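Structure data follow from target09.pdb (PDB, C-alpha atoms, pLDDT in the B column):
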ATOM      1  CA  MET K   9       4.421 -22.697   8.152  1.00 46.00           C
ATOM      2  CA  ASN K  10       8.086 -23.273   7.626  1.00 47.00           C
ATOM      3  CA  ALA K  11       9.886 -19.940   8.005  1.00 46.00           C
ATOM      4  CA  SER K  12      12.524 -20.960   5.494  1.00 57.00           C
ATOM      5  CA  THR K  13       9.915 -21.043   2.726  1.00 73.00           C
ATOM      6  CA  THR K  14       7.807 -18.009   3.620  1.00 95.00           C
ATOM      7  CA  THR K  15       8.499 -14.600   2.127  1.00 97.00           C
ATOM      8  CA  VAL K  16       6.749 -11.440   3.263  1.00 98.00           C
ATOM      9  CA  LEU K  17       6.599  -8.006   1.690  1.00 98.00           C
ATOM     10  CA  TYR K  18       7.249  -5.017   3.934  1.00 98.00           C
ATOM     11  CA  PRO K  19       6.110  -1.989   1.932  1.00 97.00           C
ATOM     12  CA  GLY K  20       6.557   1.633   2.918  1.00 95.00           C
ATOM     13  CA  SER K  21       7.736   5.037   1.896  1.00 93.00           C
ATOM     14  CA  PHE K  22      10.639   4.847   4.401  1.00 95.00           C
ATOM     15  CA  ASP K  23      11.250   8.600   4.120  1.00 95.00           C
ATOM     16  CA  PRO K  24      13.343   8.168   6.159  1.00 96.00           C
ATOM     17  CA  LEU K  25      13.867   4.667   7.515  1.00 97.00           C
ATOM     18  CA  HIS K  26      13.972   4.608  11.326  1.00 97.00           C
ATOM     19  CA  ARG K  27      14.771   2.054  14.013  1.00 97.00           C
ATOM     20  CA  GLY K  28      11.120   1.025  14.294  1.00 96.00           C
ATOM     21  CA  HIS K  29      11.167  -0.019  10.637  1.00 97.00           C
ATOM     22  CA  VAL K  30      14.332  -2.034  11.228  1.00 97.00           C
ATOM     23  CA  ASP K  31      12.642  -3.770  14.161  1.00 97.00           C
ATOM     24  CA  VAL K  32       9.720  -4.809  11.930  1.00 97.00           C
ATOM     25  CA  VAL K  33      12.170  -6.273   9.395  1.00 98.00           C
ATOM     26  CA  GLU K  34      13.983  -8.159  12.161  1.00 97.00           C
ATOM     27  CA  GLN K  35      10.685  -9.545  13.485  1.00 96.00           C
ATOM     28  CA  GLY K  36       9.657 -10.529   9.955  1.00 97.00           C
ATOM     29  CA  ILE K  37      12.883 -12.452   9.414  1.00 97.00           C
ATOM     30  CA  GLU K  38      12.514 -14.191  12.768  1.00 96.00           C
ATOM     31  CA  LEU K  39       8.913 -15.212  12.060  1.00 96.00           C
ATOM     32  CA  PHE K  40       8.981 -15.901   8.327  1.00 97.00           C
ATOM     33  CA  GLY K  41      12.576 -16.247   7.164  1.00 96.00           C
ATOM     34  CA  ARG K  42      12.627 -13.742   4.326  1.00 97.00           C
ATOM     35  CA  VAL K  43      11.476 -10.120   4.080  1.00 98.00           C
ATOM     36  CA  VAL K  44      11.382  -8.130   0.854  1.00 98.00           C
ATOM     37  CA  VAL K  45      11.473  -4.469   1.891  1.00 98.00           C
ATOM     38  CA  VAL K  46       9.919  -2.364  -0.848  1.00 98.00           C
ATOM     39  CA  ALA K  47      10.292   1.393  -1.062  1.00 97.00           C
ATOM     40  CA  LEU K  48       7.098   2.708  -2.614  1.00 93.00           C
ATOM     41  CA  HIS K  49       6.194   6.098  -3.931  1.00 81.00           C
ATOM     42  CA  ASN K  50       3.259   7.292  -1.832  1.00 67.00           C
ATOM     43  CA  PRO K  51       1.445  10.193  -3.537  1.00 71.00           C
ATOM     44  CA  SER K  52      -0.490  10.853  -0.321  1.00 68.00           C
ATOM     45  CA  LYS K  53       2.815  11.709   1.407  1.00 62.00           C
ATOM     46  CA  PRO K  54       4.174  14.566  -0.722  1.00 66.00           C
ATOM     47  CA  SER K  55       6.262  16.096   2.059  1.00 63.00           C
ATOM     48  CA  GLY K  56       9.133  13.615   1.917  1.00 77.00           C
ATOM     49  CA  VAL K  57      12.726  14.678   1.456  1.00 90.00           C
ATOM     50  CA  PHE K  58      14.451  11.707  -0.154  1.00 93.00           C
ATOM     51  CA  THR K  59      14.174  10.416  -3.705  1.00 93.00           C
ATOM     52  CA  ILE K  60      13.281   6.777  -4.204  1.00 93.00           C
ATOM     53  CA  ASP K  61      16.916   6.072  -5.200  1.00 95.00           C
ATOM     54  CA  GLU K  62      18.196   7.682  -1.990  1.00 96.00           C
ATOM     55  CA  ARG K  63      15.690   5.697   0.107  1.00 96.00           C
ATOM     56  CA  VAL K  64      16.690   2.426  -1.571  1.00 97.00           C
ATOM     57  CA  ALA K  65      20.374   3.202  -0.961  1.00 97.00           C
ATOM     58  CA  MET K  66      19.723   3.967   2.726  1.00 97.00           C
ATOM     59  CA  LEU K  67      17.579   0.824   3.113  1.00 98.00           C
ATOM     60  CA  THR K  68      20.263  -1.315   1.482  1.00 98.00           C
ATOM     61  CA  ALA K  69      23.036   0.113   3.671  1.00 98.00           C
ATOM     62  CA  SER K  70      20.959  -0.019   6.853  1.00 98.00           C
ATOM     63  CA  LEU K  71      19.706  -3.589   6.375  1.00 98.00           C
ATOM     64  CA  SER K  72      22.824  -5.182   4.859  1.00 97.00           C
ATOM     65  CA  HIS K  73      23.633  -6.940   8.155  1.00 96.00           C
ATOM     66  CA  LEU K  74      20.314  -8.821   8.147  1.00 97.00           C
ATOM     67  CA  ARG K  75      20.389 -12.192   6.411  1.00 95.00           C
ATOM     68  CA  GLY K  76      16.966 -12.768   4.915  1.00 96.00           C
ATOM     69  CA  ALA K  77      16.263  -9.132   4.049  1.00 98.00           C
ATOM     70  CA  SER K  78      16.330  -7.743   0.526  1.00 98.00           C
ATOM     71  CA  VAL K  79      15.468  -4.277  -0.764  1.00 98.00           C
ATOM     72  CA  GLU K  80      13.470  -3.371  -3.854  1.00 97.00           C
ATOM     73  CA  ARG K  81      11.719  -0.354  -5.298  1.00 96.00           C
ATOM     74  CA  PHE K  82       8.242  -0.300  -6.775  1.00 95.00           C
ATOM     75  CA  HIS K  83       5.949   2.294  -8.273  1.00 92.00           C
ATOM     76  CA  GLY K  84       2.391   1.206  -7.724  1.00 91.00           C
ATOM     77  CA  LEU K  85       0.251  -0.638  -5.229  1.00 93.00           C
ATOM     78  CA  ALA K  86       1.681  -2.815  -2.464  1.00 94.00           C
ATOM     79  CA  ILE K  87      -0.531  -5.703  -3.592  1.00 94.00           C
ATOM     80  CA  ASP K  88       1.006  -5.496  -7.056  1.00 95.00           C
ATOM     81  CA  ALA K  89       4.479  -5.484  -5.469  1.00 95.00           C
ATOM     82  CA  ALA K  90       3.484  -8.591  -3.466  1.00 96.00           C
ATOM     83  CA  THR K  91       2.725 -10.357  -6.745  1.00 94.00           C
ATOM     84  CA  GLU K  92       5.783  -8.957  -8.527  1.00 95.00           C
ATOM     85  CA  PHE K  93       8.161 -10.157  -5.803  1.00 96.00           C
ATOM     86  CA  ASN K  94       6.336 -13.459  -5.229  1.00 95.00           C
ATOM     87  CA  THR K  95       5.608 -12.886  -1.546  1.00 96.00           C
ATOM     88  CA  ASP K  96       3.182 -14.825   0.622  1.00 95.00           C
ATOM     89  CA  PHE K  97       1.990 -12.015   2.889  1.00 97.00           C
ATOM     90  CA  ILE K  98       2.240  -8.280   3.471  1.00 97.00           C
ATOM     91  CA  LEU K  99       3.943  -7.387   6.763  1.00 97.00           C
ATOM     92  CA  LYS K 100       3.027  -4.269   8.715  1.00 96.00           C
ATOM     93  CA  GLY K 101       4.179  -2.896  12.063  1.00 94.00           C
ATOM     94  CA  LEU K 102       1.723  -1.392  14.534  1.00 91.00           C
ATOM     95  CA  ARG K 103       2.614   1.351  17.015  1.00 88.00           C
ATOM     96  CA  ASN K 104      -0.822   2.118  18.416  1.00 83.00           C
ATOM     97  CA  SER K 105      -4.569   1.744  17.907  1.00 83.00           C
ATOM     98  CA  GLY K 106      -4.539   4.507  15.287  1.00 81.00           C
ATOM     99  CA  ASP K 107      -2.132   2.457  13.169  1.00 80.00           C
ATOM    100  CA  PHE K 108      -4.388  -0.561  13.620  1.00 87.00           C
ATOM    101  CA  GLU K 109      -7.457   1.333  12.358  1.00 87.00           C
ATOM    102  CA  ILE K 110      -5.685   2.469   9.188  1.00 87.00           C
ATOM    103  CA  GLU K 111      -3.838  -0.793   8.529  1.00 89.00           C
ATOM    104  CA  GLN K 112      -6.911  -2.962   9.142  1.00 90.00           C
ATOM    105  CA  GLN K 113      -8.928  -1.079   6.525  1.00 91.00           C
ATOM    106  CA  MET K 114      -6.035  -1.332   4.076  1.00 90.00           C
ATOM    107  CA  ALA K 115      -5.571  -5.051   4.838  1.00 91.00           C
ATOM    108  CA  HIS K 116      -9.243  -5.802   4.176  1.00 94.00           C
ATOM    109  CA  THR K 117      -9.157  -3.833   0.937  1.00 93.00           C
ATOM    110  CA  ASN K 118      -5.948  -5.528  -0.213  1.00 92.00           C
ATOM    111  CA  TYR K 119      -7.350  -8.967   0.572  1.00 93.00           C
ATOM    112  CA  SER K 120     -10.632  -8.290  -1.226  1.00 94.00           C
ATOM    113  CA  VAL K 121      -8.771  -7.085  -4.320  1.00 93.00           C
ATOM    114  CA  SER K 122      -5.905  -9.576  -4.432  1.00 93.00           C
ATOM    115  CA  GLY K 123      -6.337 -12.363  -1.888  1.00 92.00           C
ATOM    116  CA  VAL K 124      -3.052 -11.311  -0.250  1.00 95.00           C
ATOM    117  CA  ARG K 125      -3.262 -11.370   3.539  1.00 96.00           C
ATOM    118  CA  THR K 126      -1.607  -8.880   5.878  1.00 96.00           C
ATOM    119  CA  VAL K 127       0.236  -9.880   9.050  1.00 97.00           C
ATOM    120  CA  TYR K 128       0.844  -7.360  11.825  1.00 96.00           C
ATOM    121  CA  VAL K 129       3.663  -7.243  14.333  1.00 95.00           C
ATOM    122  CA  PRO K 130       3.698  -4.900  17.307  1.00 94.00           C
ATOM    123  CA  CYS K 131       6.553  -2.478  17.556  1.00 91.00           C
ATOM    124  CA  ARG K 132       8.762  -2.490  20.606  1.00 90.00           C
ATOM    125  CA  PRO K 133       7.417  -0.310  23.439  1.00 87.00           C
ATOM    126  CA  ASP K 134      10.494   1.930  23.327  1.00 90.00           C
ATOM    127  CA  GLN K 135       9.747   2.746  19.678  1.00 87.00           C
ATOM    128  CA  VAL K 136       6.015   3.555  19.703  1.00 86.00           C
ATOM    129  CA  PHE K 137       6.717   7.251  19.217  1.00 91.00           C
ATOM    130  CA  LEU K 138       8.907   6.923  16.115  1.00 91.00           C
ATOM    131  CA  SER K 139       7.584   8.625  13.015  1.00 93.00           C
ATOM    132  CA  SER K 140       9.406   9.475   9.808  1.00 93.00           C
ATOM    133  CA  ARG K 141       7.559  12.798   9.643  1.00 92.00           C
ATOM    134  CA  PHE K 142       8.719  13.800  13.145  1.00 94.00           C
ATOM    135  CA  ILE K 143      12.269  12.657  12.427  1.00 95.00           C
ATOM    136  CA  ARG K 144      12.391  14.802   9.263  1.00 93.00           C
ATOM    137  CA  GLU K 145      11.092  17.802  11.175  1.00 93.00           C
ATOM    138  CA  ILE K 146      13.537  17.400  14.069  1.00 94.00           C
ATOM    139  CA  ALA K 147      16.468  17.019  11.649  1.00 94.00           C
ATOM    140  CA  GLN K 148      15.346  20.033   9.622  1.00 91.00           C
ATOM    141  CA  TYR K 149      15.555  22.200  12.752  1.00 91.00           C
ATOM    142  CA  GLY K 150      18.967  20.890  13.735  1.00 90.00           C
ATOM    143  CA  GLY K 151      17.922  18.307  16.303  1.00 92.00           C
ATOM    144  CA  ASP K 152      19.889  15.138  16.883  1.00 92.00           C
ATOM    145  CA  VAL K 153      18.047  12.095  15.493  1.00 95.00           C
ATOM    146  CA  SER K 154      21.037   9.762  15.352  1.00 94.00           C
ATOM    147  CA  HIS K 155      19.586   7.567  18.128  1.00 95.00           C
ATOM    148  CA  LEU K 156      16.310   7.194  16.188  1.00 96.00           C
ATOM    149  CA  VAL K 157      17.670   6.128  12.797  1.00 97.00           C
ATOM    150  CA  PRO K 158      20.379   3.797  11.452  1.00 97.00           C
ATOM    151  CA  ALA K 159      23.789   5.416  10.874  1.00 96.00           C
ATOM    152  CA  PRO K 160      23.436   5.626   7.037  1.00 96.00           C
ATOM    153  CA  VAL K 161      20.166   7.551   7.488  1.00 96.00           C
ATOM    154  CA  ALA K 162      21.673   9.879  10.087  1.00 94.00           C
ATOM    155  CA  SER K 163      24.486  10.672   7.630  1.00 94.00           C
ATOM    156  CA  GLU K 164      22.050  11.467   4.835  1.00 95.00           C
ATOM    157  CA  LEU K 165      19.910  13.667   7.087  1.00 95.00           C
ATOM    158  CA  ALA K 166      23.063  15.563   8.140  1.00 92.00           C
ATOM    159  CA  ARG K 167      23.948  15.995   4.458  1.00 92.00           C
ATOM    160  CA  ILE K 168      20.522  17.405   3.594  1.00 93.00           C
ATOM    161  CA  PHE K 169      20.256  19.585   6.708  1.00 90.00           C
ATOM    162  CA  PRO K 170      23.939  20.436   7.401  1.00 82.00           C
ATOM    163  CA  SER K 171      23.461  23.650   9.322  1.00 68.00           C
ATOM    164  CA  ALA K 172      19.804  23.673  10.081  1.00 51.00           C
ATOM    165  CA  PRO K 173      18.813  26.569  12.306  1.00 50.00           C
ATOM    166  CA  ARG K 174      17.613  25.819  15.796  1.00 48.00           C
ATOM    167  CA  PRO K 175      14.501  27.763  16.759  1.00 48.00           C
ATOM    168  CA  THR K 176      15.045  30.369  19.425  1.00 51.00           C
ATOM    169  CA  GLY K 177      12.642  32.064  21.790  1.00 53.00           C
ATOM    170  CA  SER K 178      10.942  35.236  20.679  1.00 47.00           C
ATOM    171  CA  SER K 179      12.716  38.463  21.424  1.00 48.00           C
ATOM    172  CA  SER K 180      10.860  41.490  22.740  1.00 45.00           C
TER     173      SER K 180
END
Please re-express this file's structure in structure tokens.
Amino acid sequence: MNASTTTVLYPGSFDPLHRGHVDVVEQGIELFGRVVVVALHNPSKPSGVFTIDERVAMLTASLSHLRGASVERFHGLAIDAATEFNTDFILKGLRNSGDFEIEQQMAHTNYSVSGVRTVYVPCRPDQVFLSSRFIREIAQYGGDVSHLVPAPVASELARIFPSAPRPTGSSS
């Protein structure tokens, strides 16, 4: 396939976006030419901290340096977003075998419902531990996550958790 004519959809909640997500976008651009990053509302992940508008703003700011990447929002299924944004494939990043198990089931379901295929890319070894949930938790307790997320995300986390308490040992 000619990368200049292939567009892939990279769906996610991105709450928040981290460096592993950015790596998947970069790999998608390198392999396919164009990546439409779509912030989705995921009702199975109710513990997020950012609104869809905030996530889109952080995605846009964090990915603005990447030619071939665009950012959209969508409320609904990723397969419907793939149709809406006229993409050829769904792109997913894999950190470990657990990700593969979940993503493979989703890919088979998506294909059986829509005919849209999913392509996986492995994340970089130095990023296999990255998780939006862990990043939110670390930031909430005052930990430094600036090396795990793009600068616009670090700024927003600092805004939301400006003086987060650090846990201390128990006193007797």
message: Quick check on the file I pasted: which residues fall under the PyMOL selection byres ((chain K and resi 147-152) around 12)? Write them as a ChimeraX atom specification.
response: /K:24,56-57,140-146,153-157,161-176
Could you please take those selected residues and save C-alpha atoms as a PDB file, keeping the file's coordinate frame?
ATOM      1  CA  PRO K  24      13.343   8.168   6.159  1.00 96.00           C
ATOM      2  CA  GLY K  56       9.133  13.615   1.917  1.00 77.00           C
ATOM      3  CA  VAL K  57      12.726  14.678   1.456  1.00 90.00           C
ATOM      4  CA  SER K 140       9.406   9.475   9.808  1.00 93.00           C
ATOM      5  CA  ARG K 141       7.559  12.798   9.643  1.00 92.00           C
ATOM      6  CA  PHE K 142       8.719  13.800  13.145  1.00 94.00           C
ATOM      7  CA  ILE K 143      12.269  12.657  12.427  1.00 95.00           C
ATOM      8  CA  ARG K 144      12.391  14.802   9.263  1.00 93.00           C
ATOM      9  CA  GLU K 145      11.092  17.802  11.175  1.00 93.00           C
ATOM     10  CA  ILE K 146      13.537  17.400  14.069  1.00 94.00           C
ATOM     11  CA  VAL K 153      18.047  12.095  15.493  1.00 95.00           C
ATOM     12  CA  SER K 154      21.037   9.762  15.352  1.00 94.00           C
ATOM     13  CA  HIS K 155      19.586   7.567  18.128  1.00 95.00           C
ATOM     14  CA  LEU K 156      16.310   7.194  16.188  1.00 96.00           C
ATOM     15  CA  VAL K 157      17.670   6.128  12.797  1.00 97.00           C
ATOM     16  CA  VAL K 161      20.166   7.551   7.488  1.00 96.00           C
ATOM     17  CA  ALA K 162      21.673   9.879  10.087  1.00 94.00           C
ATOM     18  CA  SER K 163      24.486  10.672   7.630  1.00 94.00           C
ATOM     19  CA  GLU K 164      22.050  11.467   4.835  1.00 95.00           C
ATOM     20  CA  LEU K 165      19.910  13.667   7.087  1.00 95.00           C
ATOM     21  CA  ALA K 166      23.063  15.563   8.140  1.00 92.00           C
ATOM     22  CA  ARG K 167      23.948  15.995   4.458  1.00 92.00           C
ATOM     23  CA  ILE K 168      20.522  17.405   3.594  1.00 93.00           C
ATOM     24  CA  PHE K 169      20.256  19.585   6.708  1.00 90.00           C
ATOM     25  CA  PRO K 170      23.939  20.436   7.401  1.00 82.00           C
ATOM     26  CA  SER K 171      23.461  23.650   9.322  1.00 68.00           C
ATOM     27  CA  ALA K 172      19.804  23.673  10.081  1.00 51.00           C
ATOM     28  CA  PRO K 173      18.813  26.569  12.306  1.00 50.00           C
ATOM     29  CA  ARG K 174      17.613  25.819  15.796  1.00 48.00           C
ATOM     30  CA  PRO K 175      14.501  27.763  16.759  1.00 48.00           C
ATOM     31  CA  THR K 176      15.045  30.369  19.425  1.00 51.00           C
TER      32      THR K 176
END
task: Kindly give the distance, in Å, that separates CA of Val16 (chain K) and CA of Val45 (chain K), rounded to a single decimal.
output: 8.5 Å
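Minimum atom-to-atom distance to Ser105 (chain K), evaluated using only C-alpha atoms, belongs to K:Pro130 out of K:Val43, K:Gln35, K:Ser139, K:Pro130.
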Picked residues, the PyMOL selection byres ((chain K and resi 96) around 8), expected as a PyMOL selection string: chain K and resi 14-17+90+94-95+97-98+124-125
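Our summary of the geometry notes that CA of Gly101 (chain K) is positioned 16.5 Å from CA of Leu67 (chain K).
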message: On this structure, the PyMOL selection byres ((chain K and resi 111) around 10) would catch which residues? List them as a ChimeraX atom specification, sorted by chain and number.
response: /K:100-102,105-110,112-117,126-128
